[in-house]
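Dumped entry.csv below, it's CSV, C-alpha atoms (C1' of nucleotides):
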```csv
chain,number,residue,atom,x,y,z
Y,1,MET,CA,39.3,-61.6,69.8
Y,2,ASP,CA,36.0,-59.9,69.3
Y,3,ARG,CA,37.6,-57.3,67.1
Y,4,ALA,CA,34.5,-56.9,64.8
Y,5,ALA,CA,33.2,-53.4,65.7
Y,6,SER,CA,29.6,-54.2,64.6
Y,7,ILE,CA,27.7,-57.4,64.2
Y,8,GLY,CA,24.0,-58.0,63.3
Y,9,ILE,CA,21.5,-59.7,65.5
Y,10,GLY,CA,22.0,-63.1,63.9
Y,11,GLU,CA,25.7,-63.0,64.7
Y,12,LEU,CA,24.9,-61.9,68.3
Y,13,SER,CA,22.4,-64.7,68.6
Y,14,ARG,CA,25.0,-67.2,67.5
Y,15,ARG,CA,27.7,-65.8,69.8
Y,16,ALA,CA,25.6,-65.6,72.9
Y,17,LYS,CA,23.5,-68.7,72.1
Y,18,CYS,CA,20.3,-66.7,72.6
Y,19,LYS,CA,17.5,-66.7,70.1
Y,20,ILE,CA,16.9,-63.6,68.0
Y,21,GLU,CA,13.3,-63.3,69.3
Y,22,THR,CA,14.6,-63.5,72.8
Y,23,ILE,CA,17.2,-60.7,72.2
Y,24,ARG,CA,14.4,-58.5,70.8
Y,25,TYR,CA,12.3,-59.4,73.8
Y,26,TYR,CA,15.1,-58.4,76.2
Y,27,GLU,CA,15.4,-55.1,74.4
Y,28,ARG,CA,11.7,-54.5,74.5
Y,29,ILE,CA,11.5,-55.0,78.3
Y,30,GLY,CA,14.6,-52.9,78.8
Y,31,LEU,CA,16.9,-55.7,80.0
Y,32,ILE,CA,19.5,-54.8,77.4
Y,33,PRO,CA,19.8,-51.4,75.8
Y,34,ALA,CA,18.5,-50.5,72.4
Y,35,PRO,CA,21.4,-50.8,70.0
Y,36,ALA,CA,22.5,-48.5,67.1
Y,37,ARG,CA,20.8,-49.1,63.8
Y,38,THR,CA,21.9,-49.1,60.1
Y,39,ALA,CA,20.2,-46.8,57.7
Y,40,SER,CA,17.7,-49.6,57.0
Y,41,ARG,CA,17.0,-50.0,60.7
Y,42,TYR,CA,19.0,-53.2,61.2
Y,43,ARG,CA,20.3,-53.5,64.7
Y,44,LEU,CA,24.1,-53.2,65.2
Y,45,TYR,CA,25.8,-54.7,68.2
Y,46,ASP,CA,29.4,-54.7,69.4
Y,47,GLY,CA,31.6,-56.8,71.8
Y,48,THR,CA,30.1,-55.1,74.9
Y,49,ASP,CA,26.7,-56.2,73.8
Y,50,VAL,CA,27.9,-59.7,73.3
Y,51,ARG,CA,29.4,-59.8,76.8
Y,52,ARG,CA,26.3,-58.3,78.4
Y,53,LEU,CA,24.0,-60.8,76.7
Y,54,MET,CA,26.2,-63.7,77.7
Y,55,PHE,CA,26.0,-62.4,81.3
Y,56,VAL,CA,22.2,-62.3,81.0
Y,57,ARG,CA,22.1,-65.8,79.5
Y,58,ARG,CA,24.3,-67.3,82.3
Y,59,ALA,CA,22.3,-65.6,85.0
Y,60,ARG,CA,19.1,-67.0,83.5
Y,61,GLU,CA,20.7,-70.4,83.3
Y,62,LEU,CA,21.3,-70.2,87.0
Y,63,GLY,CA,17.5,-69.5,87.3
Y,64,PHE,CA,17.6,-65.9,88.3
Y,65,SER,CA,14.4,-64.0,87.4
Y,66,ILE,CA,14.5,-61.2,84.8
Y,67,ASP,CA,14.3,-58.7,87.7
Y,68,ALA,CA,17.2,-60.3,89.5
Y,69,VAL,CA,19.2,-60.2,86.3
Y,70,ARG,CA,18.4,-56.5,85.9
Y,71,ALA,CA,19.8,-56.0,89.4
Y,72,LEU,CA,22.9,-58.1,88.8
Y,73,LEU,CA,23.6,-56.1,85.6
Y,74,GLN,CA,23.5,-52.9,87.6
Y,75,LEU,CA,25.8,-54.4,90.2
Y,76,ALA,CA,28.2,-55.6,87.6
Y,77,GLY,CA,30.9,-53.0,86.9
Y,78,LEU,CA,30.6,-51.5,90.4
Y,79,GLY,CA,33.5,-53.7,91.6
Y,80,ALA,CA,33.8,-55.1,95.1
Y,81,ASP,CA,31.1,-52.6,96.5
Y,82,ALA,CA,28.5,-54.7,94.7
Y,83,CYS,CA,29.5,-57.9,96.4
Y,84,VAL,CA,27.3,-57.8,99.4
Y,85,GLU,CA,24.2,-57.0,97.4
Y,86,ALA,CA,25.0,-59.6,94.7
Y,87,ARG,CA,25.6,-62.2,97.4
Y,88,ALA,CA,22.2,-61.4,99.0
Y,89,LEU,CA,20.5,-61.8,95.6
Y,90,ALA,CA,22.2,-65.1,95.0
Y,91,ALA,CA,21.4,-66.3,98.6
Y,92,ASP,CA,17.7,-65.4,98.2
Y,93,HIS,CA,17.6,-67.2,94.9
Y,94,LEU,CA,19.4,-70.2,96.3
Y,95,THR,CA,16.8,-70.5,99.0
Y,96,ASP,CA,14.2,-70.5,96.3
Y,97,VAL,CA,16.0,-73.1,94.3
Y,98,GLN,CA,16.3,-75.4,97.3
Y,99,GLY,CA,12.6,-75.0,98.0
Y,100,ARG,CA,11.8,-76.0,94.5
Y,101,ILE,CA,14.1,-79.0,94.8
Y,102,ALA,CA,12.3,-80.1,98.0
Y,103,ASP,CA,8.9,-79.8,96.2
Y,104,LEU,CA,10.1,-81.8,93.3
Y,105,LYS,CA,11.6,-84.5,95.5
Y,106,ARG,CA,8.3,-84.9,97.3
Y,107,MET,CA,6.7,-85.4,94.0
Y,108,GLN,CA,9.4,-87.8,93.0
Y,109,ARG,CA,9.0,-89.9,96.1
Y,110,ALA,CA,5.2,-90.1,95.7
Y,111,LEU,CA,5.4,-90.9,92.0
Y,112,THR,CA,8.1,-93.6,92.6
Y,113,GLN,CA,6.0,-95.2,95.3
Y,114,ALA,CA,2.8,-95.2,93.2
Y,115,ILE,CA,4.6,-96.7,90.2
Y,116,ARG,CA,6.2,-99.3,92.4
Y,117,GLN,CA,2.7,-100.3,93.8
Y,118,CYS,CA,1.4,-100.6,90.2
Y,119,ASP,CA,4.3,-102.9,89.3
Y,120,GLU,CA,3.7,-105.0,92.4
Y,121,GLY,CA,0.1,-105.3,91.4
Y,122,LYS,CA,-1.2,-104.5,94.9
Y,123,SER,CA,-4.8,-104.3,93.6
Y,124,ALA,CA,-6.3,-106.7,91.0
Y,125,THR,CA,-9.5,-104.7,90.8
Y,126,SER,CA,-8.2,-101.2,90.5
Y,127,CYS,CA,-5.0,-99.2,89.8
Y,128,PRO,CA,-3.0,-98.3,92.9
Y,129,LEU,CA,-1.9,-95.1,91.3
Y,130,ILE,CA,-5.4,-94.0,90.7
Y,131,GLU,CA,-6.3,-95.1,94.2
Y,132,ALA,CA,-3.6,-93.0,95.6
Y,133,LEU,CA,-5.0,-89.9,93.8
Y,134,SER,CA,-8.5,-90.8,95.0
Y,135,SER,CA,-7.6,-90.8,98.7
Y,136,ASP,CA,-5.5,-88.8,101.0
Y,137,ALA,CA,-2.7,-91.3,100.9
Y,138,GLY,CA,-1.4,-89.8,97.7
Y,139,ASP,CA,-1.1,-86.4,99.2
Y,140,ALA,CA,2.4,-85.1,98.6
Y,141,ARG,CA,2.3,-82.5,101.3
Y,142,ARG,CA,3.3,-84.5,104.5
Y,143,PRO,CA,5.2,-87.8,104.5
Y,144,ALA,CA,2.8,-89.5,106.9
Y,145,PRO,CA,0.4,-87.8,109.4
Y,146,GLU,CA,-0.1,-91.0,111.5
Y,147,GLY,CA,-1.8,-89.8,114.7
Y,148,VAL,CA,-4.1,-86.8,114.1
F,1,MET,CA,-20.0,-88.9,105.5
F,2,ASP,CA,-20.6,-86.2,102.8
F,3,ARG,CA,-24.3,-86.5,103.1
F,4,ALA,CA,-25.0,-82.9,102.1
F,5,ALA,CA,-26.6,-83.2,98.7
F,6,SER,CA,-25.7,-79.8,97.4
F,7,ILE,CA,-23.1,-77.3,98.3
F,8,GLY,CA,-22.1,-74.0,96.9
F,9,ILE,CA,-18.8,-73.1,95.3
F,10,GLY,CA,-17.4,-71.6,98.5
F,11,GLU,CA,-18.0,-74.8,100.4
F,12,LEU,CA,-16.4,-76.9,97.6
F,13,SER,CA,-13.5,-74.5,97.6
F,14,ARG,CA,-13.0,-75.1,101.4
F,15,ARG,CA,-13.4,-78.8,101.2
F,16,ALA,CA,-11.1,-79.4,98.2
F,17,LYS,CA,-8.7,-76.6,99.2
F,18,CYS,CA,-8.9,-75.1,95.8
F,19,LYS,CA,-9.6,-71.4,95.1
F,20,ILE,CA,-13.0,-70.4,93.7
F,21,GLU,CA,-11.4,-68.8,90.7
F,22,THR,CA,-9.5,-72.0,90.0
F,23,ILE,CA,-12.6,-74.1,90.2
F,24,ARG,CA,-14.3,-71.8,87.7
F,25,TYR,CA,-11.2,-72.0,85.5
F,26,TYR,CA,-11.2,-75.8,85.6
F,27,GLU,CA,-14.9,-75.7,84.5
F,28,ARG,CA,-14.2,-73.3,81.7
F,29,ILE,CA,-11.4,-75.5,80.3
F,30,GLY,CA,-13.6,-78.5,80.6
F,31,LEU,CA,-11.5,-80.3,83.3
F,32,ILE,CA,-14.5,-80.6,85.6
F,33,PRO,CA,-18.1,-80.7,84.4
F,34,ALA,CA,-20.4,-77.8,84.5
F,35,PRO,CA,-22.5,-78.3,87.6
F,36,ALA,CA,-26.2,-77.8,88.2
F,37,ARG,CA,-27.4,-74.3,89.0
F,38,THR,CA,-29.9,-72.6,91.3
F,39,ALA,CA,-32.6,-70.4,89.9
F,40,SER,CA,-30.3,-67.5,90.4
F,41,ARG,CA,-27.4,-69.3,88.5
F,42,TYR,CA,-25.4,-70.2,91.6
F,43,ARG,CA,-23.4,-73.4,91.0
F,44,LEU,CA,-24.5,-76.5,93.0
F,45,TYR,CA,-22.1,-79.3,93.7
F,46,ASP,CA,-22.3,-82.7,95.4
F,47,GLY,CA,-20.0,-85.3,97.0
F,48,THR,CA,-18.9,-86.6,93.6
F,49,ASP,CA,-17.8,-83.1,92.6
F,50,VAL,CA,-15.8,-82.8,95.8
F,51,ARG,CA,-14.0,-86.1,95.3
F,52,ARG,CA,-13.3,-85.3,91.6
F,53,LEU,CA,-11.8,-81.9,92.5
F,54,MET,CA,-9.7,-83.4,95.3
F,55,PHE,CA,-8.4,-85.9,92.7
F,56,VAL,CA,-7.5,-83.1,90.4
F,57,ARG,CA,-5.8,-81.1,93.2
F,58,ARG,CA,-3.7,-84.1,94.3
F,59,ALA,CA,-2.7,-84.9,90.7
F,60,ARG,CA,-1.7,-81.2,90.3
F,61,GLU,CA,0.3,-81.3,93.5
F,62,LEU,CA,2.2,-84.2,92.1
F,63,GLY,CA,3.0,-81.9,89.2
F,64,PHE,CA,0.9,-83.5,86.5
F,65,SER,CA,-0.1,-81.2,83.7
F,66,ILE,CA,-3.7,-80.3,83.1
F,67,ASP,CA,-3.7,-82.6,80.1
F,68,ALA,CA,-2.3,-85.4,82.1
F,69,VAL,CA,-4.9,-84.8,84.8
F,70,ARG,CA,-7.6,-84.9,82.1
F,71,ALA,CA,-6.2,-88.3,81.0
F,72,LEU,CA,-6.0,-89.6,84.6
F,73,LEU,CA,-9.6,-88.6,85.3
F,74,GLN,CA,-10.7,-90.6,82.3
F,75,LEU,CA,-8.7,-93.6,83.5
F,76,ALA,CA,-10.1,-93.3,87.0
F,77,GLY,CA,-13.2,-95.5,87.3
F,78,LEU,CA,-12.0,-97.9,84.6
F,79,GLY,CA,-10.6,-100.2,87.2
F,80,ALA,CA,-7.5,-102.3,86.7
F,81,ASP,CA,-7.6,-101.9,82.9
F,82,ALA,CA,-6.4,-98.3,83.3
F,83,CYS,CA,-3.3,-99.3,85.3
F,84,VAL,CA,-0.9,-99.7,82.4
F,85,GLU,CA,-1.8,-96.4,80.9
F,86,ALA,CA,-1.8,-94.6,84.2
F,87,ARG,CA,1.6,-96.1,85.0
F,88,ALA,CA,2.9,-94.8,81.7
F,89,LEU,CA,1.6,-91.3,82.4
F,90,ALA,CA,3.2,-91.3,85.8
F,91,ALA,CA,6.5,-92.8,84.5
F,92,ASP,CA,6.7,-90.1,81.9
F,93,HIS,CA,6.0,-87.4,84.4
F,94,LEU,CA,8.6,-88.9,86.8
F,95,THR,CA,11.2,-88.6,84.2
F,96,ASP,CA,10.3,-85.0,83.7
F,97,VAL,CA,10.4,-84.3,87.4
F,98,GLN,CA,13.8,-86.0,87.7
F,99,GLY,CA,15.1,-83.9,84.9
F,100,ARG,CA,14.0,-80.7,86.6
F,101,ILE,CA,15.6,-81.8,89.8
F,102,ALA,CA,18.9,-82.3,88.0
F,103,ASP,CA,18.6,-78.9,86.5
F,104,LEU,CA,17.9,-77.3,89.8
F,105,LYS,CA,20.7,-79.2,91.5
F,106,ARG,CA,23.2,-77.8,88.9
F,107,MET,CA,21.9,-74.3,89.7
F,108,GLN,CA,22.2,-75.1,93.4
F,109,ARG,CA,25.8,-76.2,93.1
F,110,ALA,CA,26.8,-73.2,91.0
F,111,LEU,CA,25.1,-70.8,93.4
F,112,THR,CA,26.5,-72.4,96.5
F,113,GLN,CA,30.0,-72.2,95.0
F,114,ALA,CA,29.7,-68.6,93.9
F,115,ILE,CA,28.4,-67.6,97.3
F,116,ARG,CA,31.2,-69.4,99.1
F,117,GLN,CA,33.7,-67.6,96.9
F,118,CYS,CA,32.1,-64.3,97.9
F,119,ASP,CA,32.4,-65.2,101.6
F,120,GLU,CA,36.0,-66.2,101.2
F,121,GLY,CA,36.7,-62.8,99.6
F,122,LYS,CA,38.7,-64.3,96.7
F,123,SER,CA,38.8,-61.0,94.9
F,124,ALA,CA,39.3,-57.6,96.7
F,125,THR,CA,38.7,-55.6,93.6
F,126,SER,CA,35.5,-57.3,92.3
F,127,CYS,CA,32.7,-59.6,93.3
F,128,PRO,CA,33.5,-63.3,92.5
F,129,LEU,CA,29.8,-63.9,91.9
F,130,ILE,CA,29.6,-61.2,89.2
F,131,GLU,CA,32.9,-62.5,87.8
F,132,ALA,CA,31.5,-66.0,87.5
F,133,LEU,CA,28.6,-64.6,85.5
F,134,SER,CA,30.9,-62.6,83.4
F,135,SER,CA,33.0,-65.5,82.3
F,136,ASP,CA,32.4,-69.1,81.2
F,137,ALA,CA,33.3,-70.4,84.6
F,138,GLY,CA,29.8,-69.7,85.9
F,139,ASP,CA,28.2,-71.7,83.1
F,140,ALA,CA,25.9,-74.3,84.8
F,141,ARG,CA,25.8,-76.6,81.7
F,142,ARG,CA,28.8,-78.8,82.2
F,143,PRO,CA,30.7,-79.4,85.5
F,144,ALA,CA,34.2,-78.7,84.1
F,145,PRO,CA,35.2,-78.9,80.4
F,146,GLU,CA,39.0,-79.2,81.1
F,147,GLY,CA,40.4,-80.6,77.9
F,148,VAL,CA,38.7,-79.2,74.8
Z,1,DC,C1',-39.1,-53.5,105.3
Z,2,DC,C1',-34.5,-51.7,105.0
Z,3,DT,C1',-29.7,-52.0,105.4
Z,4,DA,C1',-25.3,-54.1,105.7
Z,5,DC,C1',-22.4,-57.4,104.3
Z,6,DA,C1',-20.9,-61.8,102.6
Z,7,DG,C1',-21.3,-64.7,98.7
Z,8,DT,C1',-21.6,-65.4,93.9
Z,9,DC,C1',-22.0,-64.2,89.0
Z,10,DT,C1',-19.6,-62.9,84.3
Z,11,DG,C1',-16.1,-61.2,81.4
Z,12,DG,C1',-11.7,-59.7,80.8
Z,13,DA,C1',-6.9,-58.5,81.8
Z,14,DG,C1',-2.5,-59.6,83.9
Z,15,DT,C1',1.5,-62.8,85.3
Z,16,DG,C1',6.6,-64.7,83.6
Z,17,DG,C1',9.5,-65.6,80.0
Z,18,DC,C1',9.6,-66.4,76.1
Z,19,DT,C1',8.1,-68.4,71.2
Z,20,DA,C1',5.8,-68.3,66.8
Z,21,DC,C1',4.0,-66.2,63.0
Z,22,DA,C1',2.5,-62.9,59.2
Z,23,DG,C1',3.7,-59.8,56.0
Z,24,DA,C1',7.0,-56.3,54.6
Z,25,DC,C1',11.5,-54.9,53.7
Z,26,DT,C1',16.8,-55.4,52.7
Z,27,DC,C1',21.0,-57.3,51.2
Z,28,DA,C1',24.4,-60.3,48.7
Z,29,DA,C1',25.3,-63.7,45.2
Z,30,DG,C1',24.5,-65.5,40.7
K,1,DC,C1',16.6,-59.6,37.8
K,2,DT,C1',15.7,-63.2,40.7
K,3,DT,C1',16.4,-66.0,44.5
K,4,DG,C1',17.1,-66.8,49.1
K,5,DA,C1',18.6,-65.6,53.5
K,6,DG,C1',18.4,-62.1,56.9
K,7,DT,C1',15.9,-58.6,59.4
K,8,DC,C1',12.0,-55.6,60.6
K,9,DT,C1',7.4,-54.6,63.3
K,10,DG,C1',3.5,-56.0,65.6
K,11,DT,C1',0.6,-59.3,67.5
K,12,DA,C1',-1.0,-63.6,69.4
K,13,DG,C1',-0.2,-67.8,71.9
K,14,DC,C1',1.7,-70.8,75.7
K,15,DC,C1',0.7,-72.6,81.0
K,16,DA,C1',-2.0,-72.5,84.9
K,17,DC,C1',-3.8,-69.7,87.2
K,18,DT,C1',-5.0,-65.1,89.7
K,19,DC,C1',-7.2,-60.9,90.3
K,20,DC,C1',-10.3,-57.3,89.3
K,21,DA,C1',-14.7,-54.5,88.3
K,22,DG,C1',-19.3,-54.2,88.5
K,23,DA,C1',-23.6,-56.5,89.0
K,24,DC,C1',-26.6,-59.5,91.3
K,25,DT,C1',-28.3,-62.6,95.4
K,26,DG,C1',-28.9,-64.4,100.0
K,27,DT,C1',-29.2,-63.7,104.9
K,28,DA,C1',-29.1,-61.6,109.6
K,29,DG,C1',-30.0,-57.7,112.4
K,30,DG,C1',-32.6,-53.6,113.6
```

Go through the file and emit its structure as structure tokens.
Amino acid sequence: MDRAASIGIGELSRRAKCKIETIRYYERIGLIPAPARTASRYRLYDGTDVRRLMFVRRARELGFSIDAVRALLQLAGLGADACVEARALAADHLTDVQGRIADLKRMQRALTQAIRQCDEGKSATSCPLIEALSSDAGDARRPAPEGV
Amino acid sequence: MDRAASIGIGELSRRAKCKIETIRYYERIGLIPAPARTASRYRLYDGTDVRRLMFVRRARELGFSIDAVRALLQLAGLGADACVEARALAADHLTDVQGRIADLKRMQRALTQAIRQCDEGKSATSCPLIEALSSDAGDARRPAPEGV
DNA sequence: CCTACAGTCTGGAGTGGCTACAGACTCAAG
DNA sequence: CTTGAGTCTGTAGCCACTCCAGACTGTAGG
């Protein structure tokens, strides 16, 4: 497979499921190398470029930042020596992801509760959801301060 | 409480836990009204401004977009009539939050698994984490395709 | 009154990671 | 030759801030 020596940007886009504009953007910021060109300045890619771009796309899907992807690309191809560093990058990122999940879950809890109160019709004169935003009760930071 | 008729932007910033630049930004985009000014063009706020900004800050902490906050601000003060609309805004946003949680959990699973494989030293010649990014296995979209 | 120094002012640029668009060129088919 | 799809470059826009430079103002101490 992948015997075609040279493909255009459209074909690369299709194979790596990455928009053309995004490919050009990655080239501009130096995430992927500038490819060869035809006489009329059309970009020419090969199988290596496809694999590299798919690597980038997968790393991005896992939420790695562009800088982290850059580092991972450098580590790729270094064999087992790169494992410790790659693991550290992933562990850092995992911590980040877990933090974001925690943030979103706090929002989810607060929103769910506010919506439930609206459904229960706790207040006939005002909206419990708006009420929650108007006072500290809707604050998503801490679950319940109680005794301050 | 909040008897002080007029406070400066610094005091508002402290009370609403919102950076001065952000307050000015909110004013620029019309999220909060332009306040009165002193002779030397210093902004002057009152208790209403403090409460409104705290409302904005809490809504933002729940992840509502600026446009949603704008809508919520309009709904606030309309009493119980606003409840249906406010509920809809919150429900929409909750769906969004839940989707993002699902995305992040997929990342979390994939990252956790990749890190575990690194720790288990599955491959002596290359890093399992890099391997996963280099092949479809690390794809966070579907759990396992199996029979295609 | 003068000097520090903290507070505030405006306008503009930068962040991340794309995405969209305008306007020109190129290439293959009919 | 024309049509339509593909590609090129460069630039601007998105979200929600955040930060900076450089000028002004307000206040406390000497």

Inset, instruction - Pick out the closest residue to Z:DT15 from this set: K:DT11, K:DG26, K:DC1, K:DC19. Count all atoms listed in the file. - result: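 Smallest distance to Z:DT15 is found for K:DC19.
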
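For stretch 6-9 of chain K, the list of residues within 8 Å, based on all atoms listed in the file and with local chain neighbours fewer than 6 positions off taken out, reads Gly10, Arg41 and Tyr42 of chain Y; DA24, DC25, DT26 and DC27 of chain Z.
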
Would you give the centre and edge lengths, in Å to one decimal, of a box along x, y and z around the listed atoms of stretch 2-19 of chain K, with 5 Å added to each side, as lines of an AutoDock Vina configuration file?
```
center_x = 5.7
center_y = -63.6
center_z = 65.5
size_x = 35.8
size_y = 28.0
size_z = 59.6
```

Inset, instruction - Rank nothing, just name the residue among Z:DA13, Z:DA6, Z:DC1, Z:DA29 nearest to K:DT27, using all atoms listed in the file. - result: Z:DA6

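Of the listed residues (F:Glu11, F:Asp92, F:Asp81, F:Asp119), F:Glu11 comes nearest to chain Z; the distances count all atoms listed in the file.
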
Inset, instruction - Select residues of chain K: the criterion is any atom within 12 Å of an atom of chain F, counting only C-alpha atoms (C1' of nucleotides); output as a VMD selection string. - result: chain K and resid 15 to 20 24 to 26

Inset, instruction - Would you list the contacts of Y:Ala90 as a list of chain:residue names, taking every protein, DNA or RNA residue within 9 Å and counting all atoms listed in the file, but skipping same-chain residues closer than 5 positions in sequence? - result: Y:Phe64, Y:Ala68, Y:Glu85, Y:Thr95, F:Leu111, F:Thr112, F:Ala114, F:Ile115, F:Leu129

Legend entry - Distance criterion (only C-alpha atoms (C1' of nucleotides)): nearest to chain Z out of F:Ile20, F:Ala5, F:Leu75, F:Cys118: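 Selected residue with least distance to chain Z: F:Ile20.
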
Which residues are close to K:DG13, i.e. within 12 Å by all atoms listed in the file, leaving aside same-chain residues fewer than 3 positions away? Reply as a tab-separated table (two decimals) with C-alpha atoms (C1' of nucleotides), in the coordinates of the input.
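Once everything was written out, this is result39.tsv:
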```tsv
chain	number	residue	atom	x	y	z
Z	18	DC	C1'	9.60	-66.40	76.10
Z	19	DT	C1'	8.10	-68.40	71.20
Z	20	DA	C1'	5.80	-68.30	66.80
Z	21	DC	C1'	4.00	-66.20	63.00
```

Inset, instruction - Kindly give the distance, in Å, that separates atom CA of F:Ile7 and atom CA of F:Asp46, rounded to a single decimal. - result: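 Result for atom CA of F:Ile7 versus atom CA of F:Asp46: 6.2 Å, one decimal.
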
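We find atom CA of F:Gln108 and atom CA of F:Thr125 to be spaced 25.5 Å apart.
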
Legend entry - One-decimal distance in Å that lies between atom CA of Y:Arg106 and atom CA of F:Arg109: 20.0 Å

Inset, instruction - Give as number ranges by chain every residue of chain Z that touches chain F within 8 Å, counting only C-alpha atoms (C1' of nucleotides). - result: Z: 7-9

Inset, instruction - Give me, as number ranges by chain, the contact residues of chain Y against chain F at a cut-off of 8 Å, counting all atoms listed in the file. - result: Y: 51, 54-55, 58-59, 61-63, 72, 75-76, 78-83, 86-87, 90-91, 94, 97-98, 100-101, 104-105, 107-108, 110-112, 115, 118, 123-130, 133-135, 138-140

Inset, instruction - Write out as a ChimeraX atom specification each polymer residue whose atoms come within 10 Å of Z:DG12, counting all atoms listed in the file; drop sequence neighbours fewer than 2 positions from it. - result: /Z:10,14 /K:20-21
